[in-house]
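Quick look at run-v4.pdb (PDB, C-alpha atoms):
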ATOM      1  CA  MET A   4     -37.663 -29.444  25.064  1.00  0.00           C
ATOM      2  CA  ILE A   5     -35.387 -29.805  28.001  1.00  0.00           C
ATOM      3  CA  ALA A   6     -34.416 -33.229  29.280  1.00  0.00           C
ATOM      4  CA  VAL A   7     -32.473 -34.105  32.389  1.00  0.00           C
ATOM      5  CA  LEU A   8     -31.086 -37.632  32.041  1.00  0.00           C
ATOM      6  CA  GLN A   9     -29.987 -39.579  35.052  1.00  0.00           C
ATOM      7  CA  ARG A  10     -28.226 -42.898  34.632  1.00  0.00           C
ATOM      8  CA  VAL A  11     -29.851 -45.104  37.234  1.00  0.00           C
ATOM      9  CA  SER A  12     -29.524 -48.557  38.685  1.00  0.00           C
ATOM     10  CA  GLU A  13     -33.228 -48.247  39.497  1.00  0.00           C
ATOM     11  CA  ALA A  14     -35.982 -45.627  39.460  1.00  0.00           C
ATOM     12  CA  SER A  15     -39.683 -45.528  40.225  1.00  0.00           C
ATOM     13  CA  VAL A  16     -42.751 -43.294  40.325  1.00  0.00           C
ATOM     14  CA  THR A  17     -45.336 -43.415  43.103  1.00  0.00           C
ATOM     15  CA  ILE A  18     -48.663 -41.605  42.840  1.00  0.00           C
ATOM     16  CA  GLU A  19     -50.962 -41.348  45.872  1.00  0.00           C
ATOM     17  CA  GLY A  20     -48.971 -44.071  47.631  1.00  0.00           C
ATOM     18  CA  ILE A  21     -49.170 -46.512  44.705  1.00  0.00           C
ATOM     19  CA  ALA A  22     -46.049 -47.503  42.745  1.00  0.00           C
ATOM     20  CA  THR A  23     -47.102 -46.899  39.137  1.00  0.00           C
ATOM     21  CA  SER A  24     -43.828 -47.316  37.228  1.00  0.00           C
ATOM     22  CA  LYS A  25     -40.470 -48.894  37.934  1.00  0.00           C
ATOM     23  CA  ILE A  26     -37.291 -49.585  35.988  1.00  0.00           C
ATOM     24  CA  GLN A  27     -34.002 -51.234  36.709  1.00  0.00           C
ATOM     25  CA  LYS A  28     -30.742 -50.231  35.016  1.00  0.00           C
ATOM     26  CA  GLY A  29     -31.316 -47.475  32.509  1.00  0.00           C
ATOM     27  CA  LEU A  30     -32.267 -43.805  32.280  1.00  0.00           C
ATOM     28  CA  LEU A  31     -34.658 -41.593  34.185  1.00  0.00           C
ATOM     29  CA  VAL A  32     -35.682 -38.789  31.819  1.00  0.00           C
ATOM     30  CA  LEU A  33     -37.215 -35.647  33.332  1.00  0.00           C
ATOM     31  CA  LEU A  34     -38.880 -33.825  30.418  1.00  0.00           C
ATOM     32  CA  GLY A  35     -39.820 -30.147  30.167  1.00  0.00           C
ATOM     33  CA  ILE A  36     -41.961 -29.017  27.230  1.00  0.00           C
ATOM     34  CA  GLU A  37     -42.526 -25.539  25.786  1.00  0.00           C
ATOM     35  CA  ASP A  38     -44.953 -24.331  23.095  1.00  0.00           C
ATOM     36  CA  ALA A  39     -42.199 -24.001  20.459  1.00  0.00           C
ATOM     37  CA  ASP A  40     -41.407 -27.745  20.624  1.00  0.00           C
ATOM     38  CA  ASN A  41     -42.299 -29.726  17.514  1.00  0.00           C
ATOM     39  CA  GLN A  42     -41.942 -33.136  15.847  1.00  0.00           C
ATOM     40  CA  GLU A  43     -38.333 -32.389  14.864  1.00  0.00           C
ATOM     41  CA  ASP A  44     -37.469 -31.718  18.526  1.00  0.00           C
ATOM     42  CA  ILE A  45     -39.238 -34.918  19.594  1.00  0.00           C
ATOM     43  CA  GLU A  46     -37.375 -37.109  17.106  1.00  0.00           C
ATOM     44  CA  TRP A  47     -33.991 -35.449  17.646  1.00  0.00           C
ATOM     45  CA  LEU A  48     -34.240 -35.730  21.438  1.00  0.00           C
ATOM     46  CA  ALA A  49     -35.493 -39.328  21.430  1.00  0.00           C
ATOM     47  CA  ASN A  50     -32.645 -40.416  19.148  1.00  0.00           C
ATOM     48  CA  LYS A  51     -30.074 -38.449  21.152  1.00  0.00           C
ATOM     49  CA  ILE A  52     -31.188 -40.017  24.438  1.00  0.00           C
ATOM     50  CA  VAL A  53     -31.324 -43.601  23.185  1.00  0.00           C
ATOM     51  CA  ASN A  54     -27.915 -43.357  21.476  1.00  0.00           C
ATOM     52  CA  LEU A  55     -26.032 -41.245  24.042  1.00  0.00           C
ATOM     53  CA  ARG A  56     -23.016 -43.242  25.214  1.00  0.00           C
ATOM     54  CA  ILE A  57     -23.101 -42.760  28.983  1.00  0.00           C
ATOM     55  CA  PHE A  58     -22.874 -46.357  30.205  1.00  0.00           C
ATOM     56  CA  ASN A  59     -19.552 -48.007  30.947  1.00  0.00           C
ATOM     57  CA  ASP A  60     -17.974 -50.498  28.567  1.00  0.00           C
ATOM     58  CA  SER A  61     -15.814 -53.416  29.736  1.00  0.00           C
ATOM     59  CA  GLU A  62     -12.887 -50.997  30.190  1.00  0.00           C
ATOM     60  CA  GLY A  63     -14.922 -48.728  32.484  1.00  0.00           C
ATOM     61  CA  VAL A  64     -15.198 -45.993  29.838  1.00  0.00           C
ATOM     62  CA  MET A  65     -18.559 -44.330  29.083  1.00  0.00           C
ATOM     63  CA  ASN A  66     -18.911 -45.731  25.589  1.00  0.00           C
ATOM     64  CA  VAL A  67     -22.207 -47.662  25.655  1.00  0.00           C
ATOM     65  CA  SER A  68     -25.760 -46.391  25.042  1.00  0.00           C
ATOM     66  CA  VAL A  69     -28.927 -47.380  26.882  1.00  0.00           C
ATOM     67  CA  MET A  70     -29.922 -49.272  23.730  1.00  0.00           C
ATOM     68  CA  ASP A  71     -26.609 -51.178  23.651  1.00  0.00           C
ATOM     69  CA  GLU A  72     -27.015 -51.875  27.366  1.00  0.00           C
ATOM     70  CA  ARG A  73     -30.588 -53.089  26.780  1.00  0.00           C
ATOM     71  CA  GLY A  74     -31.546 -50.744  29.589  1.00  0.00           C
ATOM     72  CA  ASP A  75     -34.914 -49.313  30.502  1.00  0.00           C
ATOM     73  CA  ILE A  76     -36.196 -45.742  30.286  1.00  0.00           C
ATOM     74  CA  LEU A  77     -38.606 -43.956  32.611  1.00  0.00           C
ATOM     75  CA  VAL A  78     -39.987 -40.626  31.291  1.00  0.00           C
ATOM     76  CA  VAL A  79     -41.469 -38.123  33.748  1.00  0.00           C
ATOM     77  CA  SER A  80     -42.956 -34.777  32.698  1.00  0.00           C
ATOM     78  CA  GLN A  81     -41.547 -31.855  34.669  1.00  0.00           C
ATOM     79  CA  PHE A  82     -42.689 -28.363  33.748  1.00  0.00           C
ATOM     80  CA  THR A  83     -40.404 -26.844  36.394  1.00  0.00           C
ATOM     81  CA  LEU A  84     -37.423 -27.427  34.084  1.00  0.00           C
ATOM     82  CA  HIS A  85     -38.586 -24.296  32.271  1.00  0.00           C
ATOM     83  CA  GLY A  86     -38.646 -22.244  35.480  1.00  0.00           C
ATOM     84  CA  SER A  87     -36.934 -18.872  35.099  1.00  0.00           C
ATOM     85  CA  THR A  88     -35.166 -17.468  38.165  1.00  0.00           C
ATOM     86  CA  LYS A  89     -33.888 -14.284  36.505  1.00  0.00           C
ATOM     87  CA  LYS A  90     -36.191 -11.991  38.478  1.00  0.00           C
ATOM     88  CA  GLY A  91     -37.058 -12.270  42.146  1.00  0.00           C
ATOM     89  CA  ASN A  92     -37.127 -15.402  44.268  1.00  0.00           C
ATOM     90  CA  ARG A  93     -40.231 -17.052  42.870  1.00  0.00           C
ATOM     91  CA  PRO A  94     -39.585 -18.941  39.606  1.00  0.00           C
ATOM     92  CA  SER A  95     -41.676 -18.017  36.585  1.00  0.00           C
ATOM     93  CA  TYR A  96     -43.016 -20.886  34.499  1.00  0.00           C
ATOM     94  CA  ILE A  97     -44.247 -18.728  31.620  1.00  0.00           C
ATOM     95  CA  LYS A  98     -42.144 -20.715  29.092  1.00  0.00           C
ATOM     96  CA  ALA A  99     -43.585 -24.082  30.131  1.00  0.00           C
ATOM     97  CA  SER A 100     -46.416 -25.352  27.928  1.00  0.00           C
ATOM     98  CA  LYS A 101     -49.915 -25.561  29.319  1.00  0.00           C
ATOM     99  CA  PRO A 102     -51.389 -29.078  29.511  1.00  0.00           C
ATOM    100  CA  GLU A 103     -53.579 -28.605  26.410  1.00  0.00           C
ATOM    101  CA  ILE A 104     -50.385 -28.387  24.316  1.00  0.00           C
ATOM    102  CA  ALA A 105     -47.876 -30.299  26.442  1.00  0.00           C
ATOM    103  CA  ILE A 106     -49.836 -33.545  26.862  1.00  0.00           C
ATOM    104  CA  SER A 107     -49.873 -34.218  23.125  1.00  0.00           C
ATOM    105  CA  ILE A 108     -46.149 -33.472  22.780  1.00  0.00           C
ATOM    106  CA  TYR A 109     -45.367 -35.643  25.829  1.00  0.00           C
ATOM    107  CA  GLU A 110     -47.374 -38.580  24.435  1.00  0.00           C
ATOM    108  CA  LYS A 111     -45.698 -38.245  21.019  1.00  0.00           C
ATOM    109  CA  PHE A 112     -42.279 -38.161  22.688  1.00  0.00           C
ATOM    110  CA  VAL A 113     -43.040 -41.318  24.686  1.00  0.00           C
ATOM    111  CA  ALA A 114     -44.202 -43.108  21.503  1.00  0.00           C
ATOM    112  CA  VAL A 115     -41.120 -42.057  19.524  1.00  0.00           C
ATOM    113  CA  ILE A 116     -38.588 -42.917  22.229  1.00  0.00           C
ATOM    114  CA  SER A 117     -40.283 -46.322  22.699  1.00  0.00           C
ATOM    115  CA  SER A 118     -40.033 -46.925  18.962  1.00  0.00           C
ATOM    116  CA  VAL A 119     -36.372 -45.882  18.799  1.00  0.00           C
ATOM    117  CA  LEU A 120     -35.494 -47.967  21.875  1.00  0.00           C
ATOM    118  CA  GLY A 121     -37.385 -50.936  20.458  1.00  0.00           C
ATOM    119  CA  LYS A 122     -39.430 -51.595  23.590  1.00  0.00           C
ATOM    120  CA  PRO A 123     -41.983 -49.826  25.780  1.00  0.00           C
ATOM    121  CA  VAL A 124     -40.768 -47.160  28.165  1.00  0.00           C
ATOM    122  CA  GLN A 125     -42.235 -46.509  31.583  1.00  0.00           C
ATOM    123  CA  THR A 126     -43.832 -43.173  32.378  1.00  0.00           C
ATOM    124  CA  GLY A 127     -45.095 -41.002  35.145  1.00  0.00           C
ATOM    125  CA  LYS A 128     -48.577 -39.501  34.892  1.00  0.00           C
ATOM    126  CA  PHE A 129     -48.730 -36.097  33.268  1.00  0.00           C
ATOM    127  CA  GLY A 130     -49.786 -33.422  35.761  1.00  0.00           C
ATOM    128  CA  ALA A 131     -49.907 -35.765  38.752  1.00  0.00           C
ATOM    129  CA  ASP A 132     -48.208 -35.136  42.085  1.00  0.00           C
ATOM    130  CA  MET A 133     -45.527 -37.794  41.713  1.00  0.00           C
ATOM    131  CA  LYS A 134     -42.903 -39.093  44.082  1.00  0.00           C
ATOM    132  CA  VAL A 135     -39.868 -40.037  41.996  1.00  0.00           C
ATOM    133  CA  SER A 136     -37.248 -42.286  43.558  1.00  0.00           C
ATOM    134  CA  LEU A 137     -33.944 -43.173  41.980  1.00  0.00           C
ATOM    135  CA  ILE A 138     -30.501 -44.497  42.588  1.00  0.00           C
ATOM    136  CA  ASN A 139     -28.263 -42.374  40.380  1.00  0.00           C
ATOM    137  CA  ASP A 140     -25.502 -44.605  39.030  1.00  0.00           C
ATOM    138  CA  GLY A 141     -22.171 -42.838  38.887  1.00  0.00           C
ATOM    139  CA  PRO A 142     -23.600 -40.302  39.508  1.00  0.00           C
ATOM    140  CA  VAL A 143     -24.238 -39.418  35.880  1.00  0.00           C
ATOM    141  CA  THR A 144     -26.624 -36.546  35.117  1.00  0.00           C
ATOM    142  CA  ILE A 145     -26.844 -34.909  31.669  1.00  0.00           C
ATOM    143  CA  LEU A 146     -28.873 -31.871  30.562  1.00  0.00           C
ATOM    144  CA  ILE A 147     -30.074 -31.659  26.944  1.00  0.00           C
ATOM    145  CA  ASP A 148     -31.933 -28.694  25.432  1.00  0.00           C
ATOM    146  CA  THR A 149     -33.285 -29.122  21.899  1.00  0.00           C
ATOM    147  CA  LYS A 150     -32.937 -25.371  21.389  1.00  0.00           C
ATOM    148  CA  ASN A 151     -29.144 -25.777  21.702  1.00  0.00           C
ATOM    149  CA  LYS A 152     -28.485 -28.568  19.185  1.00  0.00           C
ATOM    150  CA  VAL A 153     -25.403 -26.967  17.662  1.00  0.00           C
TER     151      VAL A 153
END
Full structure transcribed into structure tokens:
Amino acid sequence: MIAVLQRVSEASVTIEGIATSKIQKGLLVLLGIEDADNQEDIEWLANKIVNLRIFNDSEGVMNVSVMDERGDILVVSQFTLHGSTKKGNRPSYIKASKPEIAISIYEKFVAVISSVLGKPVQTGKFGADMKVSLINDGPVTILIDTKNKV
């Protein structure tokens, strides 16, 4: 799994002109899934995201997690994170899971991260043409790949 985390002061998803999800201070998580992803990846990534200290403490140092901050999380599936640009000018998405595999992993991830956070998270709609809006706070953007845990 690949996750791009953006610390936001607000973020939202609009589908076909309708705002479907919105958060205030917290994290926007863009999530890419591949066939090799499993329950261990789901749990490791959810715990890493919720406990990652990327919010400022009272001294202005990034030393506070989204959980400590009581922030929100918005998870949006994004298969293009697995796009390979090694050959030619058109990305290849061969590594990205097909919906019949990815939807189940995505739903499990959302359930686990909600459980770890201790409250529901907002989501996009898997496979939909979404318009994602955000105000990146900092800016702070972090890339996490479960295949590079060490």
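Using all atoms listed in the file, the shortest contact distance between Gln125 in chain A and any of A:Val153, A:Val78, A:Ile108, A:Leu55 is found at A:Val78.
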Practice task
Could you jot down the CA of Val115 in chain A to CA of Ile52 in chain A separation for me, Å, one decimal place?
Solution key: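 These two atoms are separated by 11.3 Å.
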Problem - Hits of the PyMOL selection byres ((chain A and resi 96) around 10) in this structure, as a PyMOL selection string - result: chain A and resi 37+82-88+93-95+97-101
Practice task
Enter the distance from CA of Val7 in chain A to CA of Leu146 in chain A, in Å, rounded to one decimal.
Solution key: 4.6 Å
Neighbour list for Asn139 in chain A as a PDB file with C-alpha atoms, keeping the file's coordinate frame, cut-off 7 Å, all atoms listed in the file, skip fewer than 4 positions in-chain:
ATOM      1  CA  GLN A   9     -29.987 -39.579  35.052  1.00  0.00           C
ATOM      2  CA  ARG A  10     -28.226 -42.898  34.632  1.00  0.00           C
ATOM      3  CA  VAL A  11     -29.851 -45.104  37.234  1.00  0.00           C
ATOM      4  CA  SER A  12     -29.524 -48.557  38.685  1.00  0.00           C
ATOM      5  CA  VAL A 143     -24.238 -39.418  35.880  1.00  0.00           C
TER       6      VAL A 143
END
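Of the residues listed (A:Lys90, A:Lys51, A:Lys152, A:Arg73), A:Arg73 shows the shortest atom-to-atom separation from Pro123 in chain A; distances use all atoms listed in the file.
Note that the spacing between CA of Gln42 in chain A and CA of Ile5 in chain A amounts to 14.2 Å.
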Gly74 in chain A surroundings by only C-alpha atoms, 8 Å radius, close-in-sequence under 2 positions cut, as a tab-separated table (two decimals) with C-alpha atoms, in the frame of the given file:
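This went into part14.tsv:
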chain	number	residue	atom	x	y	z
A	27	GLN	CA	-34.00	-51.23	36.71
A	28	LYS	CA	-30.74	-50.23	35.02
A	29	GLY	CA	-31.32	-47.48	32.51
A	30	LEU	CA	-32.27	-43.80	32.28
A	69	VAL	CA	-28.93	-47.38	26.88
A	70	MET	CA	-29.92	-49.27	23.73
A	71	ASP	CA	-26.61	-51.18	23.65
A	72	GLU	CA	-27.02	-51.88	27.37
A	76	ILE	CA	-36.20	-45.74	30.29
Practice task
Convert the output of the PyMOL selection byres ((chain A and resi 117) around 12) on the shown file into explicit residues, formatted as a ChimeraX atom specification.
Solution key: /A:45-46,49-50,52-53,70,74-78,110-116,118-126
Handout entry: Exercise: Val79 in chain A partners within 7 Å, all atoms listed in the file, chain neighbours under 5 positions left out, as a PyMOL selection string
Key = chain A and resi 32-34+126-127
Exercise for the section: List every protein, DNA or RNA residue that has an atom no more than 8 Å from (-45.3, -42.8, 40.1) in the file's coordinate frame, counting all atoms listed in the file, and report them as a list in words. Expected result: Ser15, Val16, Thr17, Ile18, Ile21, Ala22, Thr23, Ser24, Thr126, Gly127, Lys128, Met133, Lys134 and Val135 of chain A
